[in-house]
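Structure first, then comments.
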Amino acid sequence: MYNIGVDLGGTNIAVGLVDKEYNIIVKRSLPTRAERPAEAIVDDIAALCREVCSEGGCALSDIATVGVATPGTANGRTGVVEYANNLPFRDFPLARLLSEKLDKATVKIENDANAAALGEAVAGAAKGTDISVMITLGTGVGGGIIIDGKVYSGFNSAGGELGHMVIEHGGVPCSCGRRGCWEAYSSATALIRMTKEKLEECEKNGVETAMSKAERISGRTACDAMRAGDKAAKEVYDTYIAYLATGLANIINIFQPQVISLGGGISNEGQSLIDDLLPLIAKEQYGGGDKPNSTKIRIAQLKNDAGIIGAAAL
């Protein structure tokens, strides 16, 4: 038996045929074209599911489950996407409609960040653990919590929004409407904001910085300049890392996961990012972070396949 994993995003729909060892046998994708009616998006998902089956040499009857990782509040118990910000889903019965288009196949749904966390738990950086957390450092700060090998999302499927815990009371406004959220200080968007603020400060004070030579300010601008020995860039990076470590320490203190895996663009800094975080986390972690059974911080391994594999594992 195989599973199918669907990673549904605002830009692309990616579908994979996945074996029992969580290897992707066949993968295909299409643009989402999110401006269309929801039913048209489901039609494309169904067509891609049939395509990967055909190319993988199996029938829909060989598929144990079809899992869908979707943005928004996805109620895994009812199969309804209650709300998705960048897709036309409002109380939308995604699981039922997709099942009808796939000869009554069993369809399960989950929030995309939660599915990615499950992917890392079954086949990635947290493989072999019972309790893990994945944090995605991208445009925002996404989170997924795995407890006893299962996604934890609260009684109403809206849990796990780790990026929206406040770490700076009355701080920078967040897109969610609160102020001082972790996302407003530890996302790639936040790092870009900090970089621009430092550039303005340097220009005002007549301080030279290598960051001003960047053609486009990105999350890498301060990191690249810091490695070249730029003092202003180092100040930006140190501020960013301190906020990131504070949030990670909070997560450790609440959940004590065996592993926290870091994904998203900022995680491309690799082991050097973890090396910089660990002493800061240890200072804020309850009881210290130098014990043999302390939480491990790792870079996520599955990259763009995490959602497909996690969805297939539902």
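Naming scheme: A, B, ... for chains in displayed order of the structure tokens; residues 1 onward per chain; ligands 1 onward as shown.
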Practice task
Would you kindly return, as number ranges by chain, each protein, DNA or RNA residue with an atom no farther than 10 Å from any atom of Asp224 (chain A), considering only C-alpha atoms and excluding same-chain residues fewer than 2 positions away?
Solution key: A: 210-211, 214, 219-222, 226-230, 233-234, 269
Exercise for the section: Enumerate, as a VMD selection string, the complete set of residues in region 7-177 of chain A that a backbone-based DSSP assignment places in strand (DSSP E). Expected result: chain A and resid 7 to 8 12 to 18 24 to 31 63 to 70 73 to 75 80 to 83 90 to 92 107 to 111 131 to 137 141 to 147 150 to 152
I'd like the contact shell of region 169-180 of chain A - 10 Å cut-off, only C-alpha atoms, skipping same-chain residues fewer than 5 positions apart - returned as a compact mmCIF listing (two decimals) with N, CA and C atoms, in the first residue's frame.
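The result, stored in part_24.txt:
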# COMPACT_ATOMS: atom_id res chain seq x y z
N GLY A 140 6.91 34.45 7.94
CA GLY A 140 6.45 34.48 9.33
C GLY A 140 7.22 33.46 10.13
N GLY A 163 4.45 31.17 16.69
CA GLY A 163 4.99 32.47 16.30
C GLY A 163 4.25 33.64 16.92
N HIS A 164 3.09 33.36 17.52
CA HIS A 164 2.28 34.44 18.05
C HIS A 164 2.22 34.46 19.56
N TYR A 185 9.83 39.33 15.58
CA TYR A 185 11.24 39.49 15.94
C TYR A 185 12.13 38.38 15.40
N ALA A 190 11.29 39.97 9.90
CA ALA A 190 11.80 40.76 11.02
C ALA A 190 13.28 41.06 10.85
Problem - Residues near Lys283 (chain A), cut-off 10 Å, only C-alpha atoms, skip fewer than 4 positions along chain, as a VMD selection string - result: chain A and resid 245 to 246 249 278 to 279 287 to 290
Mind dumping a table of every region 121-145 of chain A residue within 7 Å of region 258-262 of chain A, with the nearest atom pair and its distance in Å to one decimal, using only C-alpha atoms, sorted by chain and rising number, as CSV?
residue,atom,partner,partner_atom,distance
A:Ala125,CA,A:Ser261,CA,6.3
A:Ala126,CA,A:Val259,CA,5.8
A:Thr129,CA,A:Gln258,CA,6.5
A:Ile131,CA,A:Gln258,CA,5.8
A:Ser132,CA,A:Val259,CA,5.0
A:Val133,CA,A:Ile260,CA,4.8
A:Met134,CA,A:Ser261,CA,4.7
A:Ile135,CA,A:Leu262,CA,5.0
A:Thr136,CA,A:Leu262,CA,5.8
Output file for the selection above: N, CA and C atoms, as a CSV table (one decimal), in the first residue's frame:
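Everything below was put into out.csv:
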chain,number,residue,atom,x,y,z
A,125,ALA,N,14.6,15.4,10.7
A,125,ALA,CA,15.5,15.7,11.8
A,125,ALA,C,15.1,15.2,13.1
A,126,ALA,N,13.8,14.9,13.3
A,126,ALA,CA,13.2,14.4,14.5
A,126,ALA,C,12.8,12.9,14.5
A,129,THR,N,11.8,10.2,17.4
A,129,THR,CA,11.4,10.8,18.7
A,129,THR,C,9.9,10.7,18.9
A,131,ILE,N,8.3,13.3,21.0
A,131,ILE,CA,7.9,14.6,21.2
A,131,ILE,C,8.9,15.5,20.5
A,132,SER,N,8.4,16.3,19.5
A,132,SER,CA,9.2,17.2,18.8
A,132,SER,C,8.4,18.5,18.4
A,133,VAL,N,9.2,19.5,18.0
A,133,VAL,CA,8.6,20.7,17.5
A,133,VAL,C,9.4,21.2,16.3
A,134,MET,N,8.7,21.6,15.3
A,134,MET,CA,9.3,22.2,14.1
A,134,MET,C,9.0,23.7,14.1
A,135,ILE,N,10.0,24.5,13.8
A,135,ILE,CA,9.8,26.0,13.7
A,135,ILE,C,10.3,26.3,12.3
A,136,THR,N,9.5,27.0,11.5
A,136,THR,CA,9.8,27.5,10.2
A,136,THR,C,10.0,29.0,10.2
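Between Ile4 (chain A) and the candidates A:Ile251, A:Val66, A:Val81, A:Leu280, the tightest atom-to-atom separation, counting only C-alpha atoms, involves A:Val66.
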Taking only residues of region 205-296 of chain A that have an atom at most 10 Å from an atom of region 191-200 of chain A, what is each one's shortest atom pair and its distance in Å to one decimal, using only C-alpha atoms, in chain and number order, as a Markdown table?
| residue | atom | partner | partner_atom | distance |
| --- | --- | --- | --- | --- |
| A:Asn205 | CA | A:Glu200 | CA | 8.6 |
| A:Gly206 | CA | A:Glu200 | CA | 9.8 |
| A:Val207 | CA | A:Leu199 | CA | 9.0 |
| A:Glu208 | CA | A:Leu199 | CA | 9.1 |
| A:Thr209 | CA | A:Leu199 | CA | 7.7 |
| A:Ala210 | CA | A:Leu199 | CA | 9.7 |
| A:Met211 | CA | A:Leu199 | CA | 7.2 |
| A:Ser212 | CA | A:Leu199 | CA | 6.7 |
| A:Ile217 | CA | A:Ile192 | CA | 6.5 |
| A:Ser218 | CA | A:Ile192 | CA | 5.7 |
| A:Gly219 | CA | A:Ile192 | CA | 5.4 |
| A:Arg220 | CA | A:Ile192 | CA | 8.5 |
| A:Thr221 | CA | A:Thr195 | CA | 7.6 |
| A:Ala222 | CA | A:Thr195 | CA | 6.4 |
| A:Cys223 | CA | A:Leu191 | CA | 9.7 |
| A:Ala232 | CA | A:Lys198 | CA | 7.1 |
| A:Ala233 | CA | A:Thr195 | CA | 7.6 |
| A:Glu235 | CA | A:Lys198 | CA | 8.6 |
| A:Val236 | CA | A:Thr195 | CA | 6.3 |
| A:Tyr237 | CA | A:Leu191 | CA | 8.0 |
| A:Thr239 | CA | A:Met194 | CA | 8.6 |
| A:Tyr240 | CA | A:Leu191 | CA | 6.5 |
| A:Ile241 | CA | A:Leu191 | CA | 9.6 |
| A:Ile266 | CA | A:Leu191 | CA | 9.3 |
Take the residues just selected and output them with N, CA, C and O atoms as an mmCIF file, in the first residue's frame.
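And here's selection.cif as it stands now:
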data_model
loop_
_atom_site.group_PDB
_atom_site.id
_atom_site.type_symbol
_atom_site.label_atom_id
_atom_site.label_comp_id
_atom_site.auth_asym_id
_atom_site.auth_seq_id
_atom_site.Cartn_x
_atom_site.Cartn_y
_atom_site.Cartn_z
ATOM 1 N N ASN A 205 24.300 58.458 11.111
ATOM 2 C CA ASN A 205 25.477 58.721 11.938
ATOM 3 C C ASN A 205 26.790 58.695 11.162
ATOM 4 O O ASN A 205 27.869 58.806 11.754
ATOM 5 N N GLY A 206 26.705 58.522 9.838
ATOM 6 C CA GLY A 206 27.907 58.514 9.015
ATOM 7 C C GLY A 206 28.800 57.306 9.234
ATOM 8 O O GLY A 206 30.025 57.386 9.078
ATOM 9 N N VAL A 207 28.188 56.176 9.577
ATOM 10 C CA VAL A 207 28.944 54.948 9.823
ATOM 11 C C VAL A 207 28.920 54.081 8.567
ATOM 12 O O VAL A 207 27.854 53.832 7.996
ATOM 13 N N GLU A 208 30.065 53.615 8.134
ATOM 14 C CA GLU A 208 30.136 52.756 6.957
ATOM 15 C C GLU A 208 29.773 51.313 7.336
ATOM 16 O O GLU A 208 30.148 50.826 8.399
ATOM 17 N N THR A 209 29.064 50.660 6.441
ATOM 18 C CA THR A 209 28.700 49.255 6.648
ATOM 19 C C THR A 209 28.619 48.547 5.311
ATOM 20 O O THR A 209 28.121 49.130 4.328
ATOM 21 N N ALA A 210 29.080 47.324 5.283
ATOM 22 C CA ALA A 210 29.040 46.537 4.052
ATOM 23 C C ALA A 210 27.609 46.239 3.630
ATOM 24 O O ALA A 210 27.349 45.938 2.466
ATOM 25 N N MET A 211 26.658 46.324 4.565
ATOM 26 C CA MET A 211 25.262 46.028 4.237
ATOM 27 C C MET A 211 24.710 46.999 3.204
ATOM 28 O O MET A 211 23.803 46.671 2.453
ATOM 29 N N SER A 212 25.257 48.222 3.156
ATOM 30 C CA SER A 212 24.765 49.231 2.211
ATOM 31 C C SER A 212 25.102 48.882 0.774
ATOM 32 O O SER A 212 24.538 49.457 -0.162
ATOM 33 N N ILE A 217 17.958 44.138 -0.020
ATOM 34 C CA ILE A 217 18.019 43.724 1.380
ATOM 35 C C ILE A 217 17.190 42.455 1.555
ATOM 36 O O ILE A 217 16.005 42.413 1.220
ATOM 37 N N SER A 218 17.829 41.410 2.053
ATOM 38 C CA SER A 218 17.161 40.134 2.303
ATOM 39 C C SER A 218 17.560 39.635 3.685
ATOM 40 O O SER A 218 18.316 40.295 4.409
ATOM 41 N N GLY A 219 17.065 38.463 4.017
ATOM 42 C CA GLY A 219 17.433 37.872 5.292
ATOM 43 C C GLY A 219 18.900 37.484 5.370
ATOM 44 O O GLY A 219 19.440 37.264 6.459
ATOM 45 N N ARG A 220 19.563 37.421 4.226
ATOM 46 C CA ARG A 220 20.980 37.037 4.196
ATOM 47 C C ARG A 220 21.914 38.240 4.304
ATOM 48 O O ARG A 220 23.106 38.071 4.554
ATOM 49 N N THR A 221 21.390 39.449 4.095
ATOM 50 C CA THR A 221 22.245 40.632 4.019
ATOM 51 C C THR A 221 23.108 40.806 5.259
ATOM 52 O O THR A 221 24.331 40.941 5.181
ATOM 53 N N ALA A 222 22.469 40.802 6.431
ATOM 54 C CA ALA A 222 23.220 40.990 7.675
ATOM 55 C C ALA A 222 24.139 39.803 7.951
ATOM 56 O O ALA A 222 25.274 39.976 8.418
ATOM 57 N N CYS A 223 23.664 38.590 7.646
ATOM 58 C CA CYS A 223 24.481 37.392 7.904
ATOM 59 C C CYS A 223 25.750 37.401 7.051
ATOM 60 O O CYS A 223 26.855 37.117 7.548
ATOM 61 N N ALA A 232 28.340 46.605 12.270
ATOM 62 C CA ALA A 232 26.908 46.923 12.309
ATOM 63 C C ALA A 232 26.065 45.687 12.011
ATOM 64 O O ALA A 232 25.024 45.456 12.632
ATOM 65 N N ALA A 233 26.508 44.888 11.056
ATOM 66 C CA ALA A 233 25.796 43.656 10.714
ATOM 67 C C ALA A 233 25.809 42.683 11.888
ATOM 68 O O ALA A 233 24.814 41.998 12.150
ATOM 69 N N GLU A 235 25.794 43.474 14.991
ATOM 70 C CA GLU A 235 24.818 43.958 15.961
ATOM 71 C C GLU A 235 23.406 43.530 15.571
ATOM 72 O O GLU A 235 22.606 43.136 16.429
ATOM 73 N N VAL A 236 23.094 43.600 14.279
ATOM 74 C CA VAL A 236 21.787 43.151 13.800
ATOM 75 C C VAL A 236 21.613 41.660 14.068
ATOM 76 O O VAL A 236 20.589 41.211 14.609
ATOM 77 N N TYR A 237 22.611 40.891 13.688
ATOM 78 C CA TYR A 237 22.548 39.434 13.837
ATOM 79 C C TYR A 237 22.408 39.047 15.306
ATOM 80 O O TYR A 237 21.585 38.181 15.656
ATOM 81 N N THR A 239 21.162 40.738 17.777
ATOM 82 C CA THR A 239 19.821 41.081 18.259
ATOM 83 C C THR A 239 18.814 40.039 17.796
ATOM 84 O O THR A 239 17.970 39.562 18.583
ATOM 85 N N TYR A 240 18.892 39.687 16.521
ATOM 86 C CA TYR A 240 17.982 38.688 15.959
ATOM 87 C C TYR A 240 18.129 37.346 16.683
ATOM 88 O O TYR A 240 17.133 36.725 17.080
ATOM 89 N N ILE A 241 19.353 36.899 16.860
ATOM 90 C CA ILE A 241 19.623 35.608 17.496
ATOM 91 C C ILE A 241 19.106 35.595 18.938
ATOM 92 O O ILE A 241 18.584 34.582 19.427
ATOM 93 N N ILE A 266 15.968 31.130 6.878
ATOM 94 C CA ILE A 266 17.012 31.452 7.848
ATOM 95 C C ILE A 266 17.787 30.207 8.252
ATOM 96 O O ILE A 266 18.978 30.271 8.582
#
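Closest to Lys104 (chain A) among A:Val80, A:Ile274, A:Leu60, A:Ala14 is A:Leu60, based on only C-alpha atoms.
Of the listed residues (A:Glu201, A:Asp43, A:Glu284, A:Asp276), A:Asp43 comes nearest to Leu98 (chain A); the distances count only C-alpha atoms.
Checking A:Lys204, A:Asp148, A:Cys53, A:Ala121 one by one against Arg298 (chain A), counting only C-alpha atoms, you find the shortest gap at A:Ala121.
Using only C-alpha atoms, the shortest contact distance between Gly247 (chain A) and any of A:Asp91, A:Gly143, A:Thr189, A:Lys296 is found at A:Gly143.
The environment of Cys181 (chain A) within 6 Å, counting only C-alpha atoms and disregarding residues fewer than 2 places along the same chain, consists of A:His164, A:Met165, A:Val166, A:Ile167, A:Arg179, A:Glu183, A:Ala184.
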Hey, can you spit out that residue selection with N, CA, C and O atoms as a PDB file, in the first residue's frame?
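Output below, filename part.pdb:
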ATOM      1  N   HIS A 164       3.089  33.357  17.515  1.00  0.00           N
ATOM      2  CA  HIS A 164       2.277  34.445  18.047  1.00  0.00           C
ATOM      3  C   HIS A 164       2.219  34.465  19.564  1.00  0.00           C
ATOM      4  O   HIS A 164       1.271  35.005  20.153  1.00  0.00           O
ATOM      5  N   MET A 165       3.259  33.898  20.200  1.00  0.00           N
ATOM      6  CA  MET A 165       3.434  34.167  21.620  1.00  0.00           C
ATOM      7  C   MET A 165       4.206  35.486  21.729  1.00  0.00           C
ATOM      8  O   MET A 165       5.108  35.775  20.936  1.00  0.00           O
ATOM      9  N   VAL A 166       3.829  36.320  22.688  1.00  0.00           N
ATOM     10  CA  VAL A 166       4.463  37.628  22.857  1.00  0.00           C
ATOM     11  C   VAL A 166       5.758  37.465  23.649  1.00  0.00           C
ATOM     12  O   VAL A 166       5.771  36.852  24.722  1.00  0.00           O
ATOM     13  N   ILE A 167       6.848  38.005  23.095  1.00  0.00           N
ATOM     14  CA  ILE A 167       8.120  37.974  23.817  1.00  0.00           C
ATOM     15  C   ILE A 167       8.613  39.383  24.151  1.00  0.00           C
ATOM     16  O   ILE A 167       9.630  39.535  24.821  1.00  0.00           O
ATOM     17  N   ARG A 179       0.951  42.930  19.525  1.00  0.00           N
ATOM     18  CA  ARG A 179       2.255  43.607  19.486  1.00  0.00           C
ATOM     19  C   ARG A 179       3.276  42.741  20.219  1.00  0.00           C
ATOM     20  O   ARG A 179       2.979  42.146  21.250  1.00  0.00           O
ATOM     21  N   GLU A 183       7.033  36.182  16.077  1.00  0.00           N
ATOM     22  CA  GLU A 183       7.129  36.307  14.630  1.00  0.00           C
ATOM     23  C   GLU A 183       7.647  37.678  14.211  1.00  0.00           C
ATOM     24  O   GLU A 183       8.379  37.804  13.221  1.00  0.00           O
ATOM     25  N   ALA A 184       7.286  38.707  14.965  1.00  0.00           N
ATOM     26  CA  ALA A 184       7.700  40.069  14.634  1.00  0.00           C
ATOM     27  C   ALA A 184       9.167  40.321  14.944  1.00  0.00           C
ATOM     28  O   ALA A 184       9.701  41.388  14.605  1.00  0.00           O
TER      29      ALA A 184
END
Practice task
For Arg50 (chain A), list every protein, DNA or RNA residue within 12 Å, evaluated using only C-alpha atoms, and leave out those in the same chain fewer than 6 positions away; present the list as number ranges by chain.
Solution key: A: 4, 15-17, 26-28, 43-44, 56-63, 66, 98, 101-103, 105
Problem - Atomic distance CA of Gly128 (chain A) - CA of Asp7 (chain A), expressed in Å with one decimal - result: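 Separation between CA of Gly128 (chain A) and CA of Asp7 (chain A): 23.1 Å.
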Practice task
Go through A:Leu273, A:Val107, A:Leu314, A:Leu162 and flag the residue nearest Leu248 (chain A), using only C-alpha atoms for the distances.
Solution key: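 Of A:Leu273, A:Val107, A:Leu314, A:Leu162, the one nearest Leu248 (chain A) is A:Leu162, counting only C-alpha atoms.
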Handout entry: Long-range neighbours of Gly144 (chain A) as a PyMOL selection string, 9 Å cut-off, only C-alpha atoms, 3 positions minimum in chain
Key = chain A and resi 111-118+132-136+151-153+159-162
Export, as a compact mmCIF listing (two decimals), in the first residue's frame, the selected residues with N, CA and C atoms.
# COMPACT_ATOMS: atom_id res chain seq x y z
N ASN A 111 -3.22 21.26 8.99
CA ASN A 111 -2.52 22.52 8.74
C ASN A 111 -1.13 22.25 8.18
N ASP A 112 -0.68 23.09 7.25
CA ASP A 112 0.58 22.80 6.56
C ASP A 112 1.80 22.81 7.47
N ALA A 113 1.85 23.72 8.44
CA ALA A 113 3.00 23.75 9.36
C ALA A 113 3.01 22.50 10.23
N ASN A 114 1.82 22.06 10.67
CA ASN A 114 1.73 20.84 11.47
C ASN A 114 2.15 19.62 10.66
N ALA A 115 1.74 19.59 9.39
CA ALA A 115 2.11 18.46 8.53
C ALA A 115 3.62 18.42 8.32
N ALA A 116 4.23 19.58 8.11
CA ALA A 116 5.68 19.62 7.94
C ALA A 116 6.40 19.10 9.19
N ALA A 117 5.87 19.47 10.35
CA ALA A 117 6.45 18.98 11.61
C ALA A 117 6.33 17.47 11.71
N LEU A 118 5.19 16.93 11.28
CA LEU A 118 5.02 15.47 11.29
C LEU A 118 5.99 14.82 10.31
N SER A 132 8.36 16.32 19.52
CA SER A 132 9.23 17.23 18.76
C SER A 132 8.45 18.46 18.35
N VAL A 133 9.18 19.48 18.01
CA VAL A 133 8.60 20.73 17.53
C VAL A 133 9.38 21.17 16.30
N MET A 134 8.68 21.63 15.28
CA MET A 134 9.35 22.23 14.12
C MET A 134 9.00 23.70 14.06
N ILE A 135 10.00 24.52 13.84
CA ILE A 135 9.82 25.95 13.68
C ILE A 135 10.30 26.35 12.30
N THR A 136 9.46 27.05 11.55
CA THR A 136 9.82 27.50 10.21
C THR A 136 10.04 29.01 10.24
N VAL A 151 0.16 14.94 15.72
CA VAL A 151 0.05 16.39 15.71
C VAL A 151 -0.79 16.86 16.89
N TYR A 152 -0.28 17.86 17.61
CA TYR A 152 -1.08 18.51 18.65
C TYR A 152 -1.56 19.85 18.11
N SER A 153 -2.89 20.04 18.07
CA SER A 153 -3.42 21.31 17.55
C SER A 153 -4.56 21.85 18.41
N GLY A 159 -4.49 25.25 17.50
CA GLY A 159 -3.31 25.35 18.34
C GLY A 159 -2.02 25.30 17.53
N GLY A 160 -0.92 25.51 18.22
CA GLY A 160 0.40 25.43 17.58
C GLY A 160 0.87 26.70 16.92
N GLU A 161 0.17 27.83 17.17
CA GLU A 161 0.61 29.10 16.57
C GLU A 161 1.73 29.70 17.44
N LEU A 162 2.87 29.04 17.41
CA LEU A 162 3.97 29.41 18.29
C LEU A 162 4.56 30.77 17.95
Handout entry: One-decimal distance in Å that lies between CA of Gly67 (chain A) and CA of Val141 (chain A)
Key =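 It comes out at 23.2 Å.
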Problem - Distance of CA of Thr73 (chain A) from CA of Asn85 (chain A), expressed in Å to one decimal place - result: 9.3 Å
